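A quick write-up on the structure given underneath.
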Amino acid sequence: MHSLSDSTQGYTYTIKWMFGLPEVMKSMYDMDIHEGSTIRVLRKFHDSLIISSANRKIVLGNEVADRIQV
């Protein structure tokens with residue numbers, strides 16, 4: 001298990017657990033990203049990454065991705 005920010009571009013992962021500020025967590029759940037969700041890392045940058053989940057593309061900063069374990 002490792003953080004999403006340490007993931008590899010092009011791979012698909014399942015979220016094991018995640019934590020953060022309540023308003024961030026609510027936004028993630030509203031976008032159907034939660035424990036058990038399958039996500040794909042589309043692109044990795046130095047300080048962020050683009051993921052896809054449920055036919056959506058989302059940009060996450062590393063500070064958020066560090067709190068998601070896959």
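Chains: A, B, ... in order of the structure tokens. Residues: from 1 per chain. Ligands: from 1, in order shown.
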
Give the strand (DSSP E or B) residues of chain A, as assigned by DSSP on the backbone, as a PDB file with C-alpha atoms, in the first residue's frame.
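Result written to out-v7.pdb:
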```pdb
ATOM      1  CA  SER A   3      -0.020   6.995  -1.321  1.00  0.00           C
ATOM      2  CA  THR A  12      -5.277   1.667 -12.334  1.00  0.00           C
ATOM      3  CA  TYR A  13      -5.640   1.499  -8.545  1.00  0.00           C
ATOM      4  CA  THR A  14      -8.286   0.786  -5.914  1.00  0.00           C
ATOM      5  CA  TRP A  17      -8.428   4.377   2.632  1.00  0.00           C
ATOM      6  CA  MET A  18      -8.370   8.161   2.644  1.00  0.00           C
ATOM      7  CA  THR A  38     -11.211   2.305  -8.853  1.00  0.00           C
ATOM      8  CA  ILE A  39      -9.209   5.184 -10.285  1.00  0.00           C
ATOM      9  CA  ARG A  40      -6.724   5.539 -13.111  1.00  0.00           C
ATOM     10  CA  VAL A  41      -3.740   7.887 -12.999  1.00  0.00           C
ATOM     11  CA  LEU A  42      -3.812   9.666 -16.349  1.00  0.00           C
ATOM     12  CA  ARG A  43      -0.931  12.093 -15.856  1.00  0.00           C
ATOM     13  CA  LYS A  44       1.629  12.863 -13.143  1.00  0.00           C
ATOM     14  CA  SER A  48      -0.191  17.266  -8.897  1.00  0.00           C
ATOM     15  CA  LEU A  49      -1.790  14.459 -10.874  1.00  0.00           C
ATOM     16  CA  ILE A  50      -4.811  13.929 -13.095  1.00  0.00           C
ATOM     17  CA  ILE A  51      -6.993  10.945 -12.296  1.00  0.00           C
ATOM     18  CA  SER A  52     -10.115   9.533 -13.857  1.00  0.00           C
ATOM     19  CA  SER A  53     -12.953   7.976 -11.930  1.00  0.00           C
ATOM     20  CA  ARG A  56     -14.657  12.152 -14.739  1.00  0.00           C
ATOM     21  CA  LYS A  57     -11.201  13.660 -14.905  1.00  0.00           C
ATOM     22  CA  ILE A  58      -9.987  15.320 -11.726  1.00  0.00           C
ATOM     23  CA  VAL A  59      -6.807  17.203 -10.847  1.00  0.00           C
ATOM     24  CA  LEU A  60      -5.459  16.533  -7.348  1.00  0.00           C
ATOM     25  CA  GLY A  61      -2.580  18.300  -5.670  1.00  0.00           C
ATOM     26  CA  ILE A  68      -5.195   8.645  -0.296  1.00  0.00           C
ATOM     27  CA  GLN A  69      -3.743   5.143   0.053  1.00  0.00           C
TER      28      GLN A  69
END
```

Original post:
Leu21 in chain A: which residues within 12 Å, counting only C-alpha atoms, same-chain residues fewer than 6 positions away excluded, as JSON, numbers by chain?
Top reply: {"A": [27, 28, 63, 64, 67]}

Subject >> Those of chain A in DSSP alpha helix (DSSP H), formatted as a PyMOL selection string >> reply: chain A and resi 22-30+62-65

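Coordinates place CA of Glu23 in chain A at a distance of 22.4 Å from CA of Asn55 in chain A.
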
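The two atoms in question, CA of Ser37 in chain A and CA of Met25 in chain A, are spaced 13.8 Å apart.
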
Original post:
Of the candidates A:Asp6, A:Val70, A:Lys16, A:Asp32, which one gets nearest to His46 in chain A if we count only C-alpha atoms?
Top reply: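 Ranking A:Asp6, A:Val70, A:Lys16, A:Asp32 by distance to His46 in chain A, first place goes to A:Asp6.
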